[in-house]
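The next block is structure29.cif, given as mmCIF, C-alpha atoms.
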```cif
data_query
loop_
_atom_site.label_atom_id
_atom_site.label_comp_id
_atom_site.auth_asym_id
_atom_site.auth_seq_id
_atom_site.Cartn_x
_atom_site.Cartn_y
_atom_site.Cartn_z
CA MET A 1 15.89 -14.21 -8.25
CA ALA A 2 15.27 -10.58 -9.17
CA MET A 3 12.25 -9.69 -11.23
CA GLU A 4 13.12 -9.61 -14.92
CA GLU A 5 12.58 -6.20 -16.43
CA PRO A 6 10.61 -6.12 -19.68
CA PRO A 7 12.45 -4.95 -22.83
CA GLU A 8 12.15 -1.22 -23.37
CA LEU A 9 10.38 -1.84 -26.68
CA PHE A 10 7.48 -3.39 -24.74
CA LEU A 11 6.95 -0.30 -22.55
CA CYS A 12 4.57 2.53 -23.38
CA PRO A 13 6.59 5.75 -23.84
CA ILE A 14 3.96 7.63 -21.84
CA SER A 15 3.30 5.42 -18.80
CA MET A 16 6.57 3.41 -18.96
CA GLU A 17 4.47 0.32 -18.22
CA LEU A 18 4.15 -2.90 -20.17
CA MET A 19 1.69 -2.31 -23.02
CA GLU A 20 -1.54 -4.29 -22.94
CA ASP A 21 -3.05 -2.97 -26.18
CA PRO A 22 -0.28 -1.42 -28.33
CA VAL A 23 -1.44 1.00 -31.01
CA THR A 24 0.55 3.12 -33.46
CA VAL A 25 -0.07 6.79 -34.27
CA SER A 26 0.66 8.51 -37.56
CA THR A 27 4.27 9.30 -36.59
CA GLY A 28 5.04 5.57 -36.34
CA VAL A 29 5.44 5.53 -32.55
CA THR A 30 3.57 2.85 -30.61
CA TYR A 31 1.78 3.52 -27.30
CA ASP A 32 -0.58 1.67 -25.01
CA ARG A 33 -4.11 2.50 -26.14
CA ARG A 34 -5.32 3.68 -22.73
CA SER A 35 -2.37 6.05 -22.25
CA ILE A 36 -2.50 7.66 -25.69
CA GLN A 37 -6.27 8.08 -25.52
CA ARG A 38 -5.86 9.79 -22.15
CA TRP A 39 -3.18 12.03 -23.70
CA PHE A 40 -5.50 13.04 -26.54
CA PHE A 41 -8.91 13.22 -24.93
CA LYS A 42 -8.35 13.98 -21.24
CA TYR A 43 -5.41 16.33 -21.59
CA GLY A 44 -6.41 17.76 -24.97
CA LYS A 45 -2.98 17.23 -26.57
CA THR A 46 -2.56 17.28 -30.35
CA THR A 47 1.05 16.13 -30.55
CA CYS A 48 2.93 12.83 -30.52
CA PRO A 49 4.28 12.53 -26.93
CA ALA A 50 7.59 10.99 -28.00
CA THR A 51 8.43 13.25 -30.95
CA MET A 52 6.25 16.28 -30.07
CA GLN A 53 5.23 16.46 -33.75
CA ARG A 54 1.77 17.94 -34.31
CA LEU A 55 -0.63 15.25 -35.52
CA THR A 56 -3.05 15.76 -38.39
CA SER A 57 -4.78 12.43 -37.73
CA PHE A 58 -5.70 10.82 -34.43
CA ASP A 59 -6.29 7.36 -35.89
CA LEU A 60 -4.88 4.52 -33.78
CA THR A 61 -3.65 1.45 -35.66
CA PRO A 62 -3.44 -1.78 -33.60
CA ASN A 63 0.10 -3.19 -33.52
CA HIS A 64 -0.81 -6.89 -33.61
CA THR A 65 2.78 -8.05 -34.14
CA LEU A 66 4.07 -6.31 -31.02
CA LYS A 67 1.09 -7.52 -29.01
CA ARG A 68 1.88 -11.14 -29.98
CA VAL A 69 5.56 -10.70 -29.09
CA ILE A 70 4.66 -9.23 -25.66
CA SER A 71 2.20 -12.05 -25.05
CA SER A 72 4.85 -14.62 -25.94
CA TRP A 73 7.37 -12.94 -23.61
CA LEU A 74 4.83 -13.00 -20.77
CA ASP A 75 4.12 -16.70 -21.36
CA ASP A 76 7.84 -17.55 -21.33
CA ARG A 77 8.39 -15.55 -18.14
CA SER A 78 5.41 -17.23 -16.49
CA SER A 79 6.72 -20.68 -17.36
CA SER A 80 10.18 -19.78 -16.11
CA SER A 81 8.77 -18.36 -12.88
CA SER A 82 6.64 -21.47 -12.28
CA SER A 83 9.56 -23.85 -12.73
CA SER A 84 11.77 -21.71 -10.52
CA SER A 85 9.22 -21.48 -7.73
CA SER A 86 8.56 -25.23 -7.82
CA SER A 87 12.24 -26.03 -7.36
CA SER A 88 12.96 -23.59 -4.53
CA PRO A 89 11.08 -20.93 -2.57
CA ARG A 90 11.75 -17.40 -3.71
CA PRO A 91 13.16 -15.22 -0.88
CA ARG A 92 11.50 -11.92 -0.11
CA GLU A 93 13.63 -8.96 -1.11
CA SER A 94 14.54 -6.58 1.70
CA LEU A 95 12.95 -3.15 1.62
CA PRO A 96 16.32 -1.32 1.56
CA SER A 97 17.32 -3.17 -1.62
CA VAL A 98 13.91 -2.51 -3.18
CA LEU A 99 14.22 1.20 -2.32
CA ALA A 100 17.74 1.36 -3.76
CA GLY A 101 16.48 -0.27 -6.91
CA ILE A 102 13.69 2.30 -7.28
CA GLU A 103 16.14 5.18 -7.51
CA ASP A 104 18.37 3.36 -9.99
CA THR A 105 15.93 1.63 -12.31
CA PRO A 106 14.52 3.36 -15.41
CA PHE A 107 11.32 1.34 -14.84
CA LYS A 108 10.22 3.28 -11.77
CA VAL A 109 6.48 2.76 -12.22
CA THR A 110 6.88 -1.02 -12.19
CA ALA A 111 9.22 -0.87 -9.18
CA LEU A 112 6.87 1.42 -7.25
CA LYS A 113 3.94 -0.90 -7.91
CA LYS A 114 6.02 -3.73 -6.52
CA LEU A 115 6.84 -1.66 -3.41
CA ARG A 116 3.17 -0.76 -3.02
CA SER A 117 2.19 -4.44 -3.01
CA CYS A 118 4.93 -5.14 -0.41
CA VAL A 119 3.63 -2.63 2.14
CA ALA A 120 -0.12 -2.85 1.48
CA GLY A 121 -1.80 -4.14 4.64
CA ASP A 122 1.53 -5.04 6.28
CA GLU A 123 2.16 -2.79 9.29
CA THR A 124 5.63 -4.24 9.89
CA ALA A 125 6.67 -3.51 6.31
CA GLN A 126 5.21 0.00 6.54
CA GLU A 127 7.18 0.74 9.71
CA GLU A 128 10.33 -0.68 8.10
CA LEU A 129 9.79 1.50 5.03
CA VAL A 130 9.70 4.65 7.19
CA ALA A 131 12.63 3.51 9.34
CA CYS A 132 14.96 2.84 6.39
CA GLY A 133 14.38 6.22 4.77
CA GLY A 134 11.59 5.27 2.40
CA VAL A 135 9.78 8.58 2.74
CA GLN A 136 12.88 10.50 1.68
CA VAL A 137 13.49 8.12 -1.24
CA LEU A 138 9.94 8.50 -2.49
CA GLY A 139 10.22 12.27 -2.17
CA ARG A 140 13.40 12.33 -4.25
CA VAL A 141 11.86 10.08 -6.89
CA MET A 142 8.78 12.32 -7.19
CA ALA A 143 10.78 15.54 -7.27
CA GLN A 144 13.24 14.18 -9.84
CA ALA A 145 10.45 12.93 -12.11
CA LEU A 146 8.74 16.31 -12.12
CA ALA A 147 11.99 18.22 -12.64
CA GLU A 148 13.10 16.06 -15.56
CA SER A 149 9.76 16.26 -17.34
CA GLY A 150 8.96 19.90 -16.70
CA GLY A 151 5.59 18.80 -15.33
CA ASP A 152 4.64 16.87 -18.49
CA PHE A 153 2.10 14.04 -18.52
CA SER A 154 4.48 11.09 -18.59
CA ALA A 155 6.13 11.90 -15.25
CA PHE A 156 2.86 11.78 -13.38
CA ARG A 157 2.73 7.99 -13.58
CA THR A 158 5.85 7.87 -11.40
CA CYS A 159 4.51 10.53 -9.02
CA GLU A 160 1.09 8.89 -8.82
CA GLU A 161 2.55 5.49 -7.92
CA ALA A 162 4.87 7.02 -5.31
CA ALA A 163 1.90 8.86 -3.76
CA ALA A 164 -0.06 5.60 -3.70
CA VAL A 165 2.74 4.03 -1.64
CA LEU A 166 2.81 6.97 0.78
CA ALA A 167 -0.97 6.93 1.14
CA ALA A 168 -0.72 3.32 2.34
CA ILE A 169 1.57 4.33 5.23
CA PRO A 170 -0.16 5.44 8.47
CA LEU A 171 2.09 8.51 9.13
CA SER A 172 0.07 8.95 12.29
CA ASP A 173 2.70 10.43 14.61
CA GLU A 174 4.55 13.73 14.78
CA PRO A 175 7.98 12.33 13.69
CA SER A 176 6.42 10.79 10.56
CA ALA A 177 4.68 14.06 9.72
CA ARG A 178 7.94 15.97 10.17
CA LEU A 179 9.62 13.65 7.67
CA LEU A 180 7.25 14.82 4.95
CA LEU A 181 7.63 18.48 5.88
CA LYS A 182 11.43 18.52 5.92
CA PRO A 183 12.86 20.40 2.91
CA GLU A 184 15.24 17.52 2.16
CA SER A 185 12.26 15.20 1.67
CA MET A 186 11.21 17.38 -1.29
CA MET A 187 7.68 16.08 -0.81
CA MET A 188 5.34 19.07 -0.62
CA GLY A 189 5.97 20.33 -4.15
CA PRO A 190 5.11 17.02 -5.85
CA LEU A 191 2.07 16.51 -3.61
CA VAL A 192 0.72 19.93 -4.53
CA ALA A 193 1.43 19.19 -8.20
CA LEU A 194 -0.59 15.99 -7.96
CA VAL A 195 -3.50 17.88 -6.39
CA GLN A 196 -3.33 20.34 -9.27
CA ARG A 197 -2.83 18.04 -12.24
CA GLY A 198 -3.00 14.39 -11.20
CA SER A 199 -5.70 11.84 -11.92
CA ALA A 200 -8.68 11.52 -9.57
CA GLU A 201 -7.02 8.63 -7.74
CA ALA A 202 -3.70 10.48 -7.46
CA ARG A 203 -5.46 13.58 -6.13
CA LEU A 204 -7.19 11.47 -3.53
CA HIS A 205 -3.88 9.91 -2.48
CA ALA A 206 -2.16 13.32 -2.29
CA MET A 207 -4.94 14.83 -0.20
CA THR A 208 -5.06 11.74 2.03
CA ILE A 209 -1.36 12.24 2.74
CA LEU A 210 -1.87 15.95 3.47
CA ALA A 211 -4.78 15.11 5.79
CA LYS A 212 -2.57 12.64 7.69
CA VAL A 213 0.17 15.25 7.99
CA SER A 214 -2.34 17.81 9.25
CA LYS A 215 -3.69 15.42 11.88
CA ALA A 216 -0.26 14.32 13.11
CA SER A 217 1.52 17.67 12.95
CA THR A 218 1.36 20.22 15.75
CA GLY A 219 2.43 23.02 13.42
CA ASP A 220 1.04 24.67 10.30
CA TRP A 221 1.87 22.42 7.34
CA THR A 222 0.63 25.02 4.85
CA ALA A 223 3.68 27.14 5.74
CA HIS A 224 5.75 24.55 3.84
CA VAL A 225 3.76 25.05 0.60
CA ASP A 226 5.42 27.47 -1.82
CA ASP A 227 2.16 28.77 -3.34
CA VAL A 228 -0.88 28.24 -1.12
CA GLY A 229 -2.96 30.32 -3.53
CA GLU A 230 -2.38 27.90 -6.41
CA LEU A 231 -3.21 24.96 -4.15
CA THR A 232 -6.43 26.67 -3.09
CA ARG A 233 -7.34 27.47 -6.69
CA SER A 234 -6.80 23.83 -7.75
CA LEU A 235 -8.96 22.52 -4.92
CA LEU A 236 -11.76 24.94 -5.76
CA GLU A 237 -11.60 23.94 -9.43
CA LEU A 238 -11.87 20.30 -8.40
CA LEU A 239 -14.97 21.04 -6.30
CA SER A 240 -16.59 23.20 -8.97
CA ASP A 241 -16.21 20.85 -11.94
CA GLY A 242 -19.00 18.64 -10.60
CA VAL A 243 -17.29 15.30 -11.26
CA ALA A 244 -15.43 14.76 -7.97
CA SER A 245 -16.61 11.78 -5.94
CA ALA A 246 -17.98 12.38 -2.45
CA LYS A 247 -14.77 11.01 -0.94
CA LEU A 248 -12.58 13.22 -3.11
CA ALA A 249 -14.75 16.28 -2.38
CA ALA A 250 -14.57 15.60 1.37
CA ARG A 251 -10.76 15.36 1.21
CA ALA A 252 -10.54 18.58 -0.81
CA LEU A 253 -12.68 20.36 1.77
CA ASP A 254 -10.48 19.01 4.59
CA VAL A 255 -7.40 20.50 2.94
CA LEU A 256 -9.18 23.83 2.35
CA LEU A 257 -10.27 23.91 6.00
CA ASP A 258 -6.60 23.55 6.95
CA VAL A 259 -5.62 26.37 4.60
CA VAL A 260 -8.23 28.71 6.06
CA ALA A 261 -7.47 27.66 9.66
CA SER A 262 -3.97 29.14 9.48
CA PRO A 263 -2.38 30.55 12.66
CA PRO A 264 -4.34 33.55 14.01
CA SER A 265 -1.82 36.00 12.61
CA ARG A 266 -2.53 34.83 9.06
CA ARG A 267 -6.08 33.48 9.37
CA ALA A 268 -7.97 36.55 8.17
CA LYS A 269 -5.62 36.97 5.22
CA ALA A 270 -5.95 33.29 4.27
CA ALA A 271 -9.75 33.46 4.41
CA ALA A 272 -9.87 36.66 2.37
CA ALA A 273 -7.54 35.13 -0.22
CA ALA A 274 -9.78 32.06 -0.52
CA VAL A 275 -12.82 34.29 -0.96
CA GLY A 276 -11.00 36.22 -3.66
CA LEU A 277 -10.45 32.94 -5.53
CA GLY A 278 -14.20 32.26 -5.52
CA ALA A 279 -14.48 29.92 -2.53
CA VAL A 280 -17.86 31.25 -1.37
CA ARG A 281 -19.37 30.88 -4.84
CA VAL A 282 -18.06 27.31 -5.17
CA LEU A 283 -19.39 26.30 -1.75
CA VAL A 284 -22.82 27.82 -2.31
CA GLU A 285 -23.18 26.14 -5.68
CA MET A 286 -22.08 22.73 -4.44
CA LEU A 287 -24.41 22.69 -1.41
CA PRO A 288 -27.59 21.59 -3.27
CA ASP A 289 -25.83 18.45 -4.55
CA ALA A 290 -23.92 17.93 -1.31
CA ALA A 291 -27.10 17.86 0.77
CA GLY A 292 -27.39 14.14 0.05
CA ASP A 293 -24.00 13.43 1.65
CA ARG A 294 -23.80 14.47 5.27
CA HIS A 295 -20.01 14.52 5.51
CA VAL A 296 -19.53 16.72 2.44
CA ALA A 297 -22.38 19.07 3.41
CA GLU A 298 -21.06 19.53 6.95
CA ARG A 299 -17.54 20.28 5.73
CA ALA A 300 -18.83 22.74 3.11
CA LEU A 301 -20.94 24.56 5.72
CA LEU A 302 -18.05 24.66 8.21
CA LEU A 303 -15.76 26.18 5.58
CA LEU A 304 -18.47 28.66 4.55
CA LYS A 305 -18.93 29.67 8.18
CA ARG A 306 -15.19 30.30 8.58
CA LEU A 307 -15.13 32.39 5.42
CA CYS A 308 -18.13 34.44 6.56
CA ARG A 309 -16.22 35.54 9.62
CA CYS A 310 -14.32 37.97 7.42
CA PRO A 311 -16.00 40.97 5.71
CA GLU A 312 -15.03 39.71 2.24
CA GLY A 313 -16.75 36.39 2.90
CA ARG A 314 -19.98 38.00 4.10
CA ALA A 315 -20.01 40.31 1.10
CA ALA A 316 -19.46 37.43 -1.33
CA PHE A 317 -22.27 35.46 0.31
CA ALA A 318 -24.66 38.41 0.08
CA ASP A 319 -23.69 38.96 -3.57
CA HIS A 320 -24.61 35.41 -4.53
CA GLY A 321 -28.26 35.19 -5.44
CA MET A 322 -28.59 31.61 -4.21
CA GLY A 323 -26.53 31.88 -1.02
CA VAL A 324 -29.43 32.07 1.44
CA HIS A 325 -31.49 29.48 -0.45
CA ALA A 326 -28.64 26.94 -0.52
CA VAL A 327 -27.84 27.30 3.18
CA ALA A 328 -31.48 27.40 4.28
CA ARG A 329 -32.13 24.16 2.42
CA THR A 330 -29.77 22.30 4.75
CA VAL A 331 -31.48 23.46 7.96
CA MET A 332 -33.42 20.64 9.67
CA ARG A 333 -32.68 18.40 6.70
CA VAL A 334 -29.12 17.06 6.55
CA SER A 335 -28.03 16.57 10.17
CA GLY A 336 -27.98 18.31 13.52
CA VAL A 337 -24.41 19.45 12.90
CA ALA A 338 -25.35 20.84 9.49
CA THR A 339 -28.29 22.74 11.02
CA ARG A 340 -26.06 24.33 13.65
CA LEU A 341 -23.47 25.30 11.04
CA ALA A 342 -26.11 26.71 8.67
CA VAL A 343 -27.65 28.83 11.43
CA GLY A 344 -24.11 30.01 12.24
CA VAL A 345 -23.61 31.16 8.65
CA LEU A 346 -26.93 33.03 8.59
CA TRP A 347 -26.16 34.60 11.95
CA LEU A 348 -22.80 35.93 10.76
CA VAL A 349 -24.38 37.43 7.64
CA THR A 350 -27.39 39.03 9.35
CA CYS A 351 -26.28 39.77 12.93
CA GLY A 352 -22.56 39.16 13.04
CA THR A 353 -21.51 42.80 12.70
CA ALA A 354 -22.73 46.21 13.79
CA ALA A 355 -23.55 47.10 10.18
CA PRO A 356 -27.09 46.18 9.09
CA PRO A 357 -27.40 43.27 6.63
CA ARG A 358 -28.41 43.80 3.05
CA GLU A 359 -32.15 43.88 2.50
CA SER A 360 -31.74 41.38 -0.34
CA VAL A 361 -30.43 38.81 2.16
CA LEU A 362 -33.40 39.37 4.49
CA GLU A 363 -35.80 39.13 1.55
CA ASP A 364 -34.26 35.84 0.46
CA MET A 365 -34.72 34.48 3.97
CA VAL A 366 -38.48 35.07 3.72
CA VAL A 367 -38.85 33.79 0.17
CA SER A 368 -36.77 30.65 0.79
CA GLY A 369 -38.78 29.66 3.88
CA CYS A 370 -35.74 30.19 6.07
CA VAL A 371 -37.65 32.30 8.60
CA GLY A 372 -40.06 29.45 9.26
CA LYS A 373 -37.13 27.08 9.71
CA LEU A 374 -35.58 29.44 12.25
CA LEU A 375 -38.76 29.19 14.32
CA ALA A 376 -38.55 25.40 14.12
CA VAL A 377 -34.96 25.59 15.32
CA VAL A 378 -36.02 27.65 18.31
CA GLN A 379 -38.65 25.07 19.19
CA VAL A 380 -36.72 21.81 18.71
CA GLU A 381 -32.97 22.53 18.58
CA THR A 382 -31.04 21.10 21.54
CA SER A 383 -28.00 23.37 21.21
CA PRO A 384 -28.56 26.47 23.40
CA SER A 385 -26.18 28.56 21.30
CA THR A 386 -27.93 27.71 18.02
CA LYS A 387 -31.36 28.24 19.54
CA GLU A 388 -30.27 31.64 20.88
CA LYS A 389 -28.92 32.72 17.47
CA ALA A 390 -32.13 31.71 15.71
CA ALA A 391 -34.29 33.57 18.27
CA ARG A 392 -32.08 36.62 18.02
CA MET A 393 -32.40 36.75 14.22
CA LEU A 394 -36.19 36.48 14.51
CA LYS A 395 -36.32 39.25 17.10
CA VAL A 396 -33.94 41.67 15.35
CA HIS A 397 -35.36 41.30 11.83
CA GLY A 398 -38.96 40.32 12.60
CA ALA A 399 -40.32 43.81 11.93
CA PHE A 400 -38.76 43.78 8.46
CA TRP A 401 -40.08 40.31 7.61
CA ARG A 402 -43.65 41.03 8.76
CA GLN A 403 -44.18 43.50 5.92
CA TYR A 404 -44.06 40.75 3.30
CA PRO A 405 -47.35 39.08 2.21
CA CYS A 406 -45.60 35.70 2.09
CA PHE A 407 -44.61 35.96 5.74
CA PRO A 408 -46.22 32.98 7.57
CA THR A 409 -49.25 34.06 9.53
CA ASP A 410 -48.53 31.74 12.42
CA LEU A 411 -45.20 33.49 12.99
CA ARG A 412 -46.65 36.93 13.55
CA ASP A 413 -47.88 36.20 17.05
CA TYR A 414 -44.57 34.59 17.94
CA LEU A 415 -42.63 37.65 16.78
CA LYS A 416 -44.93 39.90 18.80
CA PHE A 417 -44.13 37.71 21.80
CA LEU A 418 -40.38 38.03 21.19
CA ASN A 419 -40.64 41.81 20.96
#
```

Here is the file; what I need is its structure written in the form of structure tokens.
Amino acid sequence: MAMEEPPELFLCPISMELMEDPVTVSTGVTYDRRSIQRWFFKYGKTTCPATMQRLTSFDLTPNHTLKRVISSWLDDRSSSSSSSSSSSPRPRESLPSVLAGIEDTPFKVTALKKLRSCVAGDETAQEELVACGGVQVLGRVMAQALAESGGDFSAFRTCEEAAAVLAAIPLSDEPSARLLLKPESMMMGPLVALVQRGSAEARLHAMTILAKVSKASTGDWTAHVDDVGELTRSLLELLSDGVASAKLAARALDVLLDVVASPPSRRAKAAAAAVGLGAVRVLVEMLPDAAGDRHVAERALLLLKRLCRCPEGRAAFADHGMGVHAVARTVMRVSGVATRLAVGVLWLVTCGTAAPPRESVLEDMVVSGCVGKLLAVVQVETSPSTKEKAARMLKVHGAFWRQYPCFPTDLRDYLKFLN
């Protein structure tokens, strides 16, 4: 027996889900409390979503009558379902029929949640979903929802649920990755839109999917994104707002690393573009908080190192008053990988080109205690390359550093030895 769809009156006009706590706004339209509060307070809207009338009052009046009717309907359905299941087992619907129903039903959020529960933790069902064209169906559903709404809030519930289904699929091989990248799948546009404007969970799902595509694909997936600059800007905004979880921040950094690691012919341009959007500033300012999470700190330092390979990146790092302090703080503190990456950043900025570094950068290295940490790296670091870079910085810039009163006394003899 097919699942009975709830009456349209019971569905929130925003989320298109069954209302749990119906409330009425001043225009007389009823919404689920959580959805309308999100509309007002998260998205800053001042209109009624259904009528688009501007509201002069944001009071929410509980609709007790509708809530009782919905509760009664749920009780009746539960009783009917119990009696039906006791008389005969309910057959499992085939995935092709579920997929066909998703494209046809006006209750797409409910249908997608059902599909998500079908494939969650079931490898056979996940493989069947891919084999019967599920990826293409989900892509069409997401693209259609965005096109019909013009990117408005209500469509994101459909896109978010579709992304949640895709995130549950392994997509670990090249053919699966190609499915997402094909133009007819219409997938990349909605995924980028979710990264830009979706909820925290939807953003995590979208970036998880992109990370899977990146890992499985042998090509450059960013070439299939219409506006890489807008994607980069959205990821940087996510990292800079200070509210992203460690997992979400790590995923955002993974996607940015892919953007910057474009094919050699476009790599320098991609890095310079990211720097122009403020990537160096965002990374420097997130490092102090990221130091407590090894995975986030290592990714941030790796991205910073890649950006500092281009002149624009080194200039942006030198311009930032806290650049040296933030990087130096991670040396010998977060992890061995973080230390090697941090030394790599400092090496690129101070010795990576024929042009001499800015004196302000060298001054910051003394004041921040970075010079002393470089000596410690030389003494204990196991990576020959990192040890060599640290020793080289001490040798090349030692004469400049010795003129400062705060220069550690115990380093003077060592620098004399190096020279």

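Proximity ranking of A:Cys12, A:Met52, A:Leu74, A:Tyr404 relative to A:Ser35 places A:Cys12 first, based on only C-alpha atoms.
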
Target residues per the PyMOL selection byres ((chain A and resi 247-264) around 7), formatted as an MDAnalysis selection string:
chainID A and resid 204 207:208 211 220 222 232 235 239 244:246 265:267 270:271 295:296 299:300 303

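The closest residue to A:Arg358, picked from A:Lys114, A:Arg329, A:Arg314, A:Arg178 and counting only C-alpha atoms, is A:Arg314.
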
Tell me which protein, DNA and RNA residues are within 10 Å of A:Val119, counting all atoms listed in the file, leaving out same-chain ones fewer than 2 positions away, and put them as a ChimeraX atom specification.
/A:95,114-117,121-129,165-166,168-169

Quick one: which residues end up in the PyMOL selection byres ((chain A and resi 279) around 12) for this structure, as a PyMOL selection string?
chain A and resi 229+232-240+253+256-257+259-260+270-278+280-286+300-301+303-308+312-314+316-317+320

Atoms are missing here; could stretch 267-286 of chain A be completed with N, CA and C atoms and written as a PDB file, keeping the file's coordinate frame?
```pdb
ATOM      1  N   ARG A 267      -4.790  34.105   9.649  1.00  0.00           N
ATOM      2  CA  ARG A 267      -6.080  33.480   9.370  1.00  0.00           C
ATOM      3  C   ARG A 267      -6.987  34.380   8.530  1.00  0.00           C
ATOM      4  N   ALA A 268      -7.092  35.648   8.914  1.00  0.00           N
ATOM      5  CA  ALA A 268      -7.970  36.550   8.170  1.00  0.00           C
ATOM      6  C   ALA A 268      -7.491  36.729   6.736  1.00  0.00           C
ATOM      7  N   LYS A 269      -6.174  36.812   6.568  1.00  0.00           N
ATOM      8  CA  LYS A 269      -5.620  36.970   5.220  1.00  0.00           C
ATOM      9  C   LYS A 269      -5.872  35.729   4.378  1.00  0.00           C
ATOM     10  N   ALA A 270      -5.732  34.541   4.999  1.00  0.00           N
ATOM     11  CA  ALA A 270      -5.950  33.290   4.270  1.00  0.00           C
ATOM     12  C   ALA A 270      -7.405  33.161   3.844  1.00  0.00           C
ATOM     13  N   ALA A 271      -8.325  33.540   4.743  1.00  0.00           N
ATOM     14  CA  ALA A 271      -9.750  33.460   4.410  1.00  0.00           C
ATOM     15  C   ALA A 271     -10.111  34.439   3.302  1.00  0.00           C
ATOM     16  N   ALA A 272      -9.592  35.666   3.394  1.00  0.00           N
ATOM     17  CA  ALA A 272      -9.870  36.660   2.370  1.00  0.00           C
ATOM     18  C   ALA A 272      -9.321  36.231   1.009  1.00  0.00           C
ATOM     19  N   ALA A 273      -8.134  35.604   1.032  1.00  0.00           N
ATOM     20  CA  ALA A 273      -7.540  35.130  -0.220  1.00  0.00           C
ATOM     21  C   ALA A 273      -8.399  34.031  -0.845  1.00  0.00           C
ATOM     22  N   ALA A 274      -8.912  33.129  -0.013  1.00  0.00           N
ATOM     23  CA  ALA A 274      -9.780  32.060  -0.520  1.00  0.00           C
ATOM     24  C   ALA A 274     -11.070  32.636  -1.101  1.00  0.00           C
ATOM     25  N   VAL A 275     -11.616  33.633  -0.440  1.00  0.00           N
ATOM     26  CA  VAL A 275     -12.820  34.290  -0.960  1.00  0.00           C
ATOM     27  C   VAL A 275     -12.536  34.935  -2.298  1.00  0.00           C
ATOM     28  N   GLY A 276     -11.375  35.577  -2.406  1.00  0.00           N
ATOM     29  CA  GLY A 276     -11.000  36.220  -3.660  1.00  0.00           C
ATOM     30  C   GLY A 276     -10.866  35.251  -4.815  1.00  0.00           C
ATOM     31  N   LEU A 277     -10.568  33.979  -4.501  1.00  0.00           N
ATOM     32  CA  LEU A 277     -10.450  32.940  -5.530  1.00  0.00           C
ATOM     33  C   LEU A 277     -11.788  32.280  -5.844  1.00  0.00           C
ATOM     34  N   GLY A 278     -12.863  32.773  -5.196  1.00  0.00           N
ATOM     35  CA  GLY A 278     -14.200  32.260  -5.520  1.00  0.00           C
ATOM     36  C   GLY A 278     -14.686  31.154  -4.614  1.00  0.00           C
ATOM     37  N   ALA A 279     -14.110  31.025  -3.407  1.00  0.00           N
ATOM     38  CA  ALA A 279     -14.480  29.920  -2.530  1.00  0.00           C
ATOM     39  C   ALA A 279     -15.944  29.962  -2.122  1.00  0.00           C
ATOM     40  N   VAL A 280     -16.467  31.144  -1.804  1.00  0.00           N
ATOM     41  CA  VAL A 280     -17.860  31.250  -1.370  1.00  0.00           C
ATOM     42  C   VAL A 280     -18.799  30.807  -2.496  1.00  0.00           C
ATOM     43  N   ARG A 281     -18.527  31.274  -3.688  1.00  0.00           N
ATOM     44  CA  ARG A 281     -19.370  30.880  -4.840  1.00  0.00           C
ATOM     45  C   ARG A 281     -19.359  29.369  -5.029  1.00  0.00           C
ATOM     46  N   VAL A 282     -18.171  28.757  -4.968  1.00  0.00           N
ATOM     47  CA  VAL A 282     -18.060  27.310  -5.170  1.00  0.00           C
ATOM     48  C   VAL A 282     -18.839  26.558  -4.099  1.00  0.00           C
ATOM     49  N   LEU A 283     -18.714  26.980  -2.847  1.00  0.00           N
ATOM     50  CA  LEU A 283     -19.390  26.300  -1.750  1.00  0.00           C
ATOM     51  C   LEU A 283     -20.905  26.421  -1.853  1.00  0.00           C
ATOM     52  N   VAL A 284     -21.377  27.621  -2.169  1.00  0.00           N
ATOM     53  CA  VAL A 284     -22.820  27.820  -2.310  1.00  0.00           C
ATOM     54  C   VAL A 284     -23.379  26.949  -3.430  1.00  0.00           C
ATOM     55  N   GLU A 285     -22.668  26.876  -4.529  1.00  0.00           N
ATOM     56  CA  GLU A 285     -23.180  26.140  -5.680  1.00  0.00           C
ATOM     57  C   GLU A 285     -23.043  24.629  -5.550  1.00  0.00           C
ATOM     58  N   MET A 286     -22.186  24.168  -4.637  1.00  0.00           N
ATOM     59  CA  MET A 286     -22.080  22.730  -4.440  1.00  0.00           C
ATOM     60  C   MET A 286     -23.021  22.219  -3.350  1.00  0.00           C
TER      61      MET A 286
END
```
